[in-house]
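Just protein-v8.pdb here, PDB, C-alpha atoms, pLDDT in the B column:
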ATOM      1  CA  MET A   1      70.054-123.131  42.452  1.00 58.00           C
ATOM      2  CA  LYS A   2      67.580-120.662  43.905  1.00 53.00           C
ATOM      3  CA  ALA A   3      70.115-117.864  43.603  1.00 58.00           C
ATOM      4  CA  LEU A   4      70.713-118.757  39.969  1.00 55.00           C
ATOM      5  CA  PHE A   5      66.968-118.810  39.332  1.00 53.00           C
ATOM      6  CA  ARG A   6      66.523-115.418  40.979  1.00 61.00           C
ATOM      7  CA  TRP A   7      69.406-114.019  39.002  1.00 59.00           C
ATOM      8  CA  GLY A   8      67.945-115.359  35.747  1.00 60.00           C
ATOM      9  CA  PHE A   9      64.477-114.093  36.624  1.00 55.00           C
ATOM     10  CA  GLY A  10      65.851-110.657  37.486  1.00 63.00           C
ATOM     11  CA  LEU A  11      67.817-110.535  34.240  1.00 64.00           C
ATOM     12  CA  ALA A  12      64.728-111.520  32.254  1.00 64.00           C
ATOM     13  CA  ALA A  13      62.622-108.882  34.007  1.00 65.00           C
ATOM     14  CA  LEU A  14      65.302-106.256  33.412  1.00 70.00           C
ATOM     15  CA  THR A  15      65.474-107.261  29.752  1.00 73.00           C
ATOM     16  CA  LEU A  16      61.695-106.971  29.411  1.00 68.00           C
ATOM     17  CA  LEU A  17      61.755-103.551  31.051  1.00 70.00           C
ATOM     18  CA  ALA A  18      64.532-102.435  28.724  1.00 67.00           C
ATOM     19  CA  LEU A  19      62.642-103.731  25.696  1.00 66.00           C
ATOM     20  CA  GLY A  20      59.466-102.027  26.908  1.00 69.00           C
ATOM     21  CA  TYR A  21      61.290 -98.737  27.408  1.00 67.00           C
ATOM     22  CA  TRP A  22      62.944 -99.052  23.997  1.00 70.00           C
ATOM     23  CA  SER A  23      59.554 -99.778  22.433  1.00 72.00           C
ATOM     24  CA  MET A  24      58.044 -96.724  24.142  1.00 74.00           C
ATOM     25  CA  VAL A  25      60.908 -94.558  22.872  1.00 71.00           C
ATOM     26  CA  LEU A  26      60.345 -95.831  19.338  1.00 73.00           C
ATOM     27  CA  GLN A  27      56.605 -95.225  19.621  1.00 76.00           C
ATOM     28  CA  GLU A  28      57.207 -91.718  20.930  1.00 76.00           C
ATOM     29  CA  GLU A  29      59.530 -90.983  18.017  1.00 77.00           C
ATOM     30  CA  ASP A  30      56.949 -92.385  15.604  1.00 73.00           C
ATOM     31  CA  LEU A  31      54.242 -90.256  17.201  1.00 74.00           C
ATOM     32  CA  LYS A  32      56.433 -87.168  16.904  1.00 73.00           C
ATOM     33  CA  THR A  33      57.053 -87.977  13.253  1.00 77.00           C
ATOM     34  CA  VAL A  34      53.343 -88.515  12.587  1.00 74.00           C
ATOM     35  CA  ARG A  35      52.459 -85.321  14.441  1.00 74.00           C
ATOM     36  CA  SER A  36      55.068 -83.394  12.468  1.00 70.00           C
ATOM     37  CA  GLU A  37      53.687 -84.765   9.204  1.00 73.00           C
ATOM     38  CA  ILE A  38      50.122 -83.901  10.260  1.00 77.00           C
ATOM     39  CA  ASP A  39      51.197 -80.369  11.182  1.00 67.00           C
ATOM     40  CA  GLY A  40      52.880 -80.084   7.804  1.00 66.00           C
ATOM     41  CA  LEU A  41      49.705 -81.228   6.061  1.00 71.00           C
ATOM     42  CA  LYS A  42      47.662 -78.738   8.088  1.00 69.00           C
ATOM     43  CA  ARG A  43      49.999 -75.903   7.123  1.00 64.00           C
ATOM     44  CA  GLU A  44      49.855 -76.952   3.492  1.00 67.00           C
ATOM     45  CA  MET A  45      46.052 -77.114   3.606  1.00 70.00           C
ATOM     46  CA  GLN A  46      45.963 -73.671   5.217  1.00 62.00           C
ATOM     47  CA  ARG A  47      48.215 -72.282   2.487  1.00 61.00           C
ATOM     48  CA  VAL A  48      46.043 -73.823  -0.223  1.00 63.00           C
ATOM     49  CA  ARG A  49      42.843 -72.622   1.439  1.00 63.00           C
ATOM     50  CA  PHE A  50      44.256 -69.134   1.973  1.00 54.00           C
ATOM     51  CA  LYS A  51      45.346 -68.982  -1.673  1.00 59.00           C
ATOM     52  CA  GLN A  52      41.923 -70.166  -2.832  1.00 59.00           C
ATOM     53  CA  VAL A  53      40.182 -67.529  -0.722  1.00 55.00           C
ATOM     54  CA  THR A  54      42.564 -64.839  -1.977  1.00 53.00           C
ATOM     55  CA  ASP A  55      42.123 -65.881  -5.606  1.00 57.00           C
ATOM     56  CA  ALA A  56      38.364 -66.145  -5.193  1.00 55.00           C
ATOM     57  CA  SER A  57      38.212 -62.722  -3.582  1.00 53.00           C
ATOM     58  CA  SER A  58      40.220 -61.255  -6.455  1.00 52.00           C
ATOM     59  CA  SER A  59      38.025 -62.905  -9.079  1.00 52.00           C
ATOM     60  CA  LYS A  60      34.875 -61.551  -7.423  1.00 53.00           C
ATOM     61  CA  HIS A  61      35.899 -58.031  -8.387  1.00 52.00           C
ATOM     62  CA  ALA A  62      35.528 -58.994 -12.029  1.00 49.00           C
ATOM     63  CA  ARG A  63      32.031 -60.401 -11.440  1.00 56.00           C
ATOM     64  CA  VAL A  64      30.681 -57.104 -10.077  1.00 57.00           C
ATOM     65  CA  LEU A  65      29.507 -55.662 -13.380  1.00 61.00           C
ATOM     66  CA  SER A  66      28.465 -52.021 -13.262  1.00 73.00           C
ATOM     67  CA  ASP A  67      29.431 -48.762 -14.914  1.00 82.00           C
ATOM     68  CA  TYR A  68      29.096 -46.792 -11.696  1.00 89.00           C
ATOM     69  CA  PRO A  69      32.386 -45.921  -9.960  1.00 92.00           C
ATOM     70  CA  ASN A  70      33.379 -47.758  -6.814  1.00 92.00           C
ATOM     71  CA  LEU A  71      33.323 -45.546  -3.724  1.00 92.00           C
ATOM     72  CA  LEU A  72      35.671 -48.010  -1.998  1.00 93.00           C
ATOM     73  CA  GLU A  73      39.394 -47.603  -2.610  1.00 92.00           C
ATOM     74  CA  GLU A  74      41.859 -50.455  -2.481  1.00 91.00           C
ATOM     75  CA  ASP A  75      44.111 -50.093   0.543  1.00 92.00           C
ATOM     76  CA  PRO A  76      47.746 -49.989  -0.685  1.00 92.00           C
ATOM     77  CA  PHE A  77      49.002 -51.000   2.748  1.00 92.00           C
ATOM     78  CA  TYR A  78      47.360 -54.434   2.530  1.00 88.00           C
ATOM     79  CA  SER A  79      47.835 -54.908  -1.213  1.00 88.00           C
ATOM     80  CA  GLN A  80      51.421 -53.639  -1.536  1.00 90.00           C
ATOM     81  CA  THR A  81      53.184 -52.839   1.752  1.00 92.00           C
ATOM     82  CA  LEU A  82      52.085 -55.697   4.006  1.00 90.00           C
ATOM     83  CA  PRO A  83      53.042 -58.501   1.553  1.00 87.00           C
ATOM     84  CA  THR A  84      56.617 -57.190   1.561  1.00 90.00           C
ATOM     85  CA  LEU A  85      56.718 -57.376   5.375  1.00 91.00           C
ATOM     86  CA  LEU A  86      55.535 -61.003   5.526  1.00 88.00           C
ATOM     87  CA  ARG A  87      57.343 -64.089   4.330  1.00 83.00           C
ATOM     88  CA  SER A  88      56.204 -65.626   1.070  1.00 79.00           C
ATOM     89  CA  ASN A  89      54.565 -68.674   2.675  1.00 81.00           C
ATOM     90  CA  PHE A  90      52.838 -66.741   5.473  1.00 83.00           C
ATOM     91  CA  VAL A  91      49.450 -68.112   6.544  1.00 81.00           C
ATOM     92  CA  PRO A  92      47.348 -66.328   9.193  1.00 80.00           C
ATOM     93  CA  LYS A  93      46.706 -68.646  12.133  1.00 80.00           C
ATOM     94  CA  GLY A  94      46.591 -68.828  15.894  1.00 81.00           C
ATOM     95  CA  ILE A  95      44.296 -67.490  18.594  1.00 80.00           C
ATOM     96  CA  ARG A  96      44.323 -63.899  19.743  1.00 81.00           C
ATOM     97  CA  ARG A  97      44.243 -63.622  23.524  1.00 82.00           C
ATOM     98  CA  GLU A  98      43.737 -60.458  25.555  1.00 81.00           C
ATOM     99  CA  ALA A  99      43.202 -59.669  29.211  1.00 80.00           C
ATOM    100  CA  LEU A 100      40.391 -57.453  30.438  1.00 79.00           C
ATOM    101  CA  LEU A 101      40.491 -55.646  33.763  1.00 80.00           C
ATOM    102  CA  GLY A 102      37.044 -55.242  35.220  1.00 78.00           C
ATOM    103  CA  ARG A 103      33.709 -56.693  34.234  1.00 79.00           C
ATOM    104  CA  PRO A 104      31.135 -54.955  32.007  1.00 80.00           C
ATOM    105  CA  GLU A 105      27.586 -54.842  33.306  1.00 81.00           C
ATOM    106  CA  ASN A 106      26.374 -56.557  30.135  1.00 81.00           C
ATOM    107  CA  LEU A 107      27.394 -57.452  26.577  1.00 82.00           C
ATOM    108  CA  HIS A 108      24.534 -55.683  24.842  1.00 86.00           C
ATOM    109  CA  PRO A 109      25.706 -54.842  21.285  1.00 87.00           C
ATOM    110  CA  PHE A 110      24.732 -51.193  21.767  1.00 89.00           C
ATOM    111  CA  ASN A 111      25.967 -50.602  25.303  1.00 86.00           C
ATOM    112  CA  GLY A 112      28.355 -47.792  26.148  1.00 83.00           C
ATOM    113  CA  PHE A 113      31.228 -49.805  27.631  1.00 85.00           C
ATOM    114  CA  ALA A 114      34.385 -49.420  25.534  1.00 84.00           C
ATOM    115  CA  ASP A 115      35.781 -52.835  26.514  1.00 84.00           C
ATOM    116  CA  ALA A 116      32.528 -54.584  25.641  1.00 84.00           C
ATOM    117  CA  GLN A 117      32.347 -52.765  22.310  1.00 85.00           C
ATOM    118  CA  LYS A 118      35.910 -53.822  21.527  1.00 85.00           C
ATOM    119  CA  MET A 119      35.059 -57.479  22.130  1.00 84.00           C
ATOM    120  CA  ILE A 120      31.875 -57.230  20.067  1.00 85.00           C
ATOM    121  CA  GLU A 121      33.722 -55.583  17.174  1.00 85.00           C
ATOM    122  CA  MET A 122      36.096 -58.567  17.044  1.00 84.00           C
ATOM    123  CA  CYS A 123      33.116 -60.841  16.417  1.00 84.00           C
ATOM    124  CA  ASN A 124      31.387 -58.677  13.811  1.00 86.00           C
ATOM    125  CA  VAL A 125      32.100 -57.541  10.282  1.00 87.00           C
ATOM    126  CA  THR A 126      31.640 -54.197   8.573  1.00 90.00           C
ATOM    127  CA  VAL A 127      30.757 -53.266   5.013  1.00 92.00           C
ATOM    128  CA  ALA A 128      33.887 -51.128   4.669  1.00 93.00           C
ATOM    129  CA  GLN A 129      36.868 -50.034   6.722  1.00 91.00           C
ATOM    130  CA  HIS A 130      39.230 -47.072   6.854  1.00 91.00           C
ATOM    131  CA  LEU A 131      42.378 -47.117   4.790  1.00 92.00           C
ATOM    132  CA  PHE A 132      45.354 -47.869   6.999  1.00 90.00           C
ATOM    133  CA  GLY A 133      46.420 -44.624   8.650  1.00 87.00           C
ATOM    134  CA  LYS A 134      43.906 -42.462   6.745  1.00 87.00           C
ATOM    135  CA  TYR A 135      40.810 -40.987   8.338  1.00 84.00           C
ATOM    136  CA  GLU A 136      37.414 -40.701   6.605  1.00 84.00           C
ATOM    137  CA  THR A 137      38.388 -43.015   3.755  1.00 88.00           C
ATOM    138  CA  LEU A 138      36.722 -46.286   2.807  1.00 92.00           C
ATOM    139  CA  SER A 139      38.239 -49.520   1.555  1.00 94.00           C
ATOM    140  CA  PRO A 140      36.581 -52.897   0.870  1.00 93.00           C
ATOM    141  CA  ASN A 141      35.869 -55.213   3.766  1.00 92.00           C
ATOM    142  CA  THR A 142      32.691 -57.282   3.598  1.00 92.00           C
ATOM    143  CA  ALA A 143      31.682 -55.277   0.540  1.00 93.00           C
ATOM    144  CA  LEU A 144      33.551 -55.468  -2.745  1.00 91.00           C
ATOM    145  CA  LYS A 145      31.933 -52.405  -4.210  1.00 92.00           C
ATOM    146  CA  MET A 146      29.751 -49.497  -3.134  1.00 93.00           C
ATOM    147  CA  GLU A 147      27.978 -47.342  -5.687  1.00 93.00           C
ATOM    148  CA  ALA A 148      25.999 -44.106  -5.594  1.00 92.00           C
ATOM    149  CA  ARG A 149      23.181 -44.373  -8.140  1.00 92.00           C
ATOM    150  CA  PRO A 150      20.681 -41.589  -8.917  1.00 92.00           C
ATOM    151  CA  LEU A 151      17.027 -42.443  -8.511  1.00 90.00           C
ATOM    152  CA  ALA A 152      15.145 -42.947 -11.750  1.00 87.00           C
ATOM    153  CA  ASP A 153      12.297 -40.616 -10.753  1.00 90.00           C
ATOM    154  CA  ASP A 154      14.545 -38.043  -9.043  1.00 90.00           C
ATOM    155  CA  PRO A 155      18.107 -37.934 -10.448  1.00 88.00           C
ATOM    156  CA  GLU A 156      19.210 -35.384  -7.862  1.00 90.00           C
ATOM    157  CA  VAL A 157      18.757 -37.964  -5.100  1.00 91.00           C
ATOM    158  CA  GLU A 158      21.219 -40.843  -4.868  1.00 92.00           C
ATOM    159  CA  GLU A 159      20.845 -44.286  -3.349  1.00 92.00           C
ATOM    160  CA  PHE A 160      23.732 -46.501  -2.389  1.00 92.00           C
ATOM    161  CA  TRP A 161      24.158 -49.999  -3.793  1.00 93.00           C
ATOM    162  CA  VAL A 162      26.468 -52.354  -1.905  1.00 93.00           C
ATOM    163  CA  HIS A 163      27.904 -55.525  -3.454  1.00 93.00           C
ATOM    164  CA  LEU A 164      28.774 -58.004  -0.696  1.00 93.00           C
ATOM    165  CA  ARG A 165      31.315 -60.797  -0.760  1.00 91.00           C
ATOM    166  CA  ASP A 166      29.929 -64.334  -0.661  1.00 88.00           C
ATOM    167  CA  ASP A 167      32.794 -65.926   1.302  1.00 88.00           C
ATOM    168  CA  VAL A 168      32.093 -64.459   4.766  1.00 90.00           C
ATOM    169  CA  TYR A 169      30.395 -66.701   7.338  1.00 91.00           C
ATOM    170  CA  TRP A 170      29.145 -66.549  10.900  1.00 91.00           C
ATOM    171  CA  GLN A 171      30.959 -69.256  12.820  1.00 88.00           C
ATOM    172  CA  PRO A 172      28.988 -71.663  15.057  1.00 90.00           C
ATOM    173  CA  LEU A 173      28.929 -71.032  18.785  1.00 89.00           C
ATOM    174  CA  ASN A 174      30.681 -73.396  21.174  1.00 88.00           C
ATOM    175  CA  PRO A 175      28.273 -74.766  23.823  1.00 89.00           C
ATOM    176  CA  ARG A 176      31.187 -75.117  26.267  1.00 87.00           C
ATOM    177  CA  HIS A 177      31.362 -71.329  26.479  1.00 85.00           C
ATOM    178  CA  PHE A 178      27.876 -71.156  27.996  1.00 86.00           C
ATOM    179  CA  PRO A 179      26.400 -72.327  31.324  1.00 87.00           C
ATOM    180  CA  ASP A 180      25.205 -75.924  31.543  1.00 86.00           C
ATOM    181  CA  ASP A 181      21.614 -74.825  32.123  1.00 89.00           C
ATOM    182  CA  LEU A 182      21.578 -72.825  28.854  1.00 88.00           C
ATOM    183  CA  THR A 183      20.628 -74.765  25.724  1.00 89.00           C
ATOM    184  CA  LEU A 184      21.496 -73.122  22.422  1.00 90.00           C
ATOM    185  CA  ALA A 185      19.119 -73.418  19.490  1.00 91.00           C
ATOM    186  CA  PRO A 186      20.439 -75.604  16.635  1.00 90.00           C
ATOM    187  CA  HIS A 187      20.629 -72.490  14.443  1.00 89.00           C
ATOM    188  CA  PHE A 188      23.539 -71.144  16.501  1.00 89.00           C
ATOM    189  CA  LEU A 189      25.471 -74.409  16.219  1.00 90.00           C
ATOM    190  CA  GLN A 190      25.756 -74.167  12.437  1.00 90.00           C
ATOM    191  CA  LYS A 191      27.794 -72.067  10.040  1.00 90.00           C
ATOM    192  CA  HIS A 192      25.822 -69.363   8.207  1.00 91.00           C
ATOM    193  CA  GLN A 193      26.710 -67.021   5.375  1.00 91.00           C
ATOM    194  CA  VAL A 194      26.726 -63.288   6.059  1.00 92.00           C
ATOM    195  CA  THR A 195      24.084 -61.688   3.836  1.00 93.00           C
ATOM    196  CA  ALA A 196      22.329 -58.364   3.342  1.00 93.00           C
ATOM    197  CA  HIS A 197      19.664 -59.529   5.809  1.00 94.00           C
ATOM    198  CA  ASP A 198      22.223 -59.308   8.627  1.00 93.00           C
ATOM    199  CA  PHE A 199      23.006 -55.673   7.854  1.00 92.00           C
ATOM    200  CA  LYS A 200      19.296 -54.907   7.455  1.00 93.00           C
ATOM    201  CA  PHE A 201      18.629 -56.438  10.879  1.00 93.00           C
ATOM    202  CA  PHE A 202      21.395 -54.303  12.401  1.00 91.00           C
ATOM    203  CA  PHE A 203      19.956 -51.171  10.775  1.00 92.00           C
ATOM    204  CA  ASP A 204      16.440 -51.965  12.008  1.00 94.00           C
ATOM    205  CA  ALA A 205      17.786 -52.521  15.528  1.00 93.00           C
ATOM    206  CA  ILE A 206      19.482 -49.119  15.500  1.00 92.00           C
ATOM    207  CA  MET A 207      16.320 -47.385  14.304  1.00 92.00           C
ATOM    208  CA  ASN A 208      14.155 -49.133  16.901  1.00 93.00           C
ATOM    209  CA  PRO A 209      13.079 -46.309  19.266  1.00 90.00           C
ATOM    210  CA  TYR A 210      12.577 -48.810  22.090  1.00 91.00           C
ATOM    211  CA  ILE A 211      16.305 -49.555  22.176  1.00 89.00           C
ATOM    212  CA  ALA A 212      17.690 -46.840  24.416  1.00 87.00           C
ATOM    213  CA  GLU A 213      21.257 -48.107  24.735  1.00 88.00           C
ATOM    214  CA  THR A 214      23.964 -45.481  24.313  1.00 85.00           C
ATOM    215  CA  LYS A 215      25.405 -46.593  20.979  1.00 87.00           C
ATOM    216  CA  ALA A 216      22.022 -47.074  19.304  1.00 89.00           C
ATOM    217  CA  ALA A 217      20.840 -43.637  20.411  1.00 88.00           C
ATOM    218  CA  ALA A 218      24.076 -42.062  19.164  1.00 88.00           C
ATOM    219  CA  LEU A 219      23.971 -43.802  15.773  1.00 88.00           C
ATOM    220  CA  ARG A 220      20.377 -42.712  15.189  1.00 89.00           C
ATOM    221  CA  ASN A 221      21.606 -39.116  15.077  1.00 85.00           C
ATOM    222  CA  TYR A 222      23.778 -39.923  12.043  1.00 82.00           C
ATOM    223  CA  ILE A 223      21.196 -41.854  10.020  1.00 75.00           C
TER     224      ILE A 223
END

What is this structure when it is put down as structure tokens?
Amino acid sequence: MKALFRWGFGLAALTLLALGYWSMVLQEEDLKTVRSEIDGLKREMQRVRFKQVTDASSSKHARVLSDYPNLLEEDPFYSQTLPTLLRSNFVPKGIRREALLGRPENLHPFNGFADAQKMIEMCNVTVAQHLFGKYETLSPNTALKMEARPLADDPEVEEFWVHLRDDVYWQPLNPRHFPDDLTLAPHFLQKHQVTAHDFKFFFDAIMNPYIAETKAAALRNYI
């Protein structure tokens, strides 16, 4: 009788284990299905968002009303060549990772370390950029249009007017990337639009004679 009871108890336990394993397999398959559907929704949202940004960027050109010619040229590599190299549903994504040998003395935005400058340039934006493969040419980047307008009181002197995009933002900082004893101000934890004030601040920093870092001193010779 005891042997029969043990055998029945063992069979019941084995059945419960089998049912539990089967249930876990089903749950895992369901989770994979849900995750796949979520990834699909994310990709679709990225495609829609990317299309909206592209369409909005294209429509902004029409809103810059001025008779002065644009000093920025559209880059045919990005407008014509690159789309033919990418698939039709391509969406930029992912995280760029690079290794750095050595350690810069500091991350001052105007220091003379090439590696530090490369990292800083990845976090900043410029008004214009060079055409792909062409030196001393300008194409739109943060700016949609750049104009050279003569001064009203002195037509022989020109001033430059820059029309900035309104869809470029500074991303919030991640507190996990900083030491525990460093508390970031709430301003740096929020998303902010890039405006002309940012470029004015950069210009004022370059022209500050008390900033003796290598890059600032070099740029002052060109301004």

**Item:** Explicit residues for the PyMOL selection byres ((chain A and resi 159) around 8) (as a ChimeraX atom specification)
**Value:** /A:148-151,157-158,160-161

**Item:** Interatomic distance, atom CA of A:Phe77 to atom CA of A:Leu131 (Å, one decimal)
**Value:** 7.9 Å

**Message:** Between A:Asn89, A:Asp75, A:Arg176, A:Ser36, which residue has the minimum interatomic distance to A:Lys134, considering all atoms listed in the file?
**Reply:**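 Distance minimum relative to A:Lys134 lands on A:Asp75.
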
**Prompt:** For A:Ser79, which residue among A:Thr126, A:Ser139, A:Thr33, A:Ser23 is the nearest when counting all atoms listed in the file?
**Reply:**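 Counting all atoms listed in the file, the residue closest to A:Ser79 is A:Ser139.
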
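Remark: for A:Tyr68, the closest of the candidate residues A:Lys191, A:Lys118, A:Lys145, A:Arg103 is A:Lys145 (distances computed over all atoms listed in the file).
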
**Item:** d(atom CA of A:Leu138, atom CA of A:Met119) in Å
**Value:**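 Atom-to-atom, atom CA of A:Leu138 to atom CA of A:Met119, that is 22.4 Å.
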
**Request:** Please evaluate the PyMOL selection byres ((chain A and resi 213) around 12) against the displayed coordinates and give the resulting residues as a VMD selection string.
**Result:** chain A and resid 106 to 113 205 to 212 214 to 220

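Straight-line separation from atom CA of A:Arg96 to atom CA of A:Trp170: 17.8 Å.
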
Shell of 12 Å around stretch 185-189 of chain A, all atoms listed in the file, local chain residues under 2 positions omitted, as a PDB file with C-alpha atoms, keeping the file's coordinate frame:
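Saved result, around-v1.pdb, follows:
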ATOM      1  CA  TRP A 170      29.145 -66.549  10.900  1.00 91.00           C
ATOM      2  CA  GLN A 171      30.959 -69.256  12.820  1.00 88.00           C
ATOM      3  CA  PRO A 172      28.988 -71.663  15.057  1.00 90.00           C
ATOM      4  CA  LEU A 173      28.929 -71.032  18.785  1.00 89.00           C
ATOM      5  CA  ASN A 174      30.681 -73.396  21.174  1.00 88.00           C
ATOM      6  CA  PRO A 175      28.273 -74.766  23.823  1.00 89.00           C
ATOM      7  CA  ARG A 176      31.187 -75.117  26.267  1.00 87.00           C
ATOM      8  CA  LEU A 182      21.578 -72.825  28.854  1.00 88.00           C
ATOM      9  CA  THR A 183      20.628 -74.765  25.724  1.00 89.00           C
ATOM     10  CA  LYS A 191      27.794 -72.067  10.040  1.00 90.00           C
ATOM     11  CA  HIS A 192      25.822 -69.363   8.207  1.00 91.00           C
TER      12      HIS A 192
END

**Request:** In the coordinate frame of the file, compute which residues have an atom within 7 Å of (30.7, -52.9, 4.3) when using all atoms listed in the file, and state them as a ChimeraX atom specification.
**Result:** /A:126-128,140-143
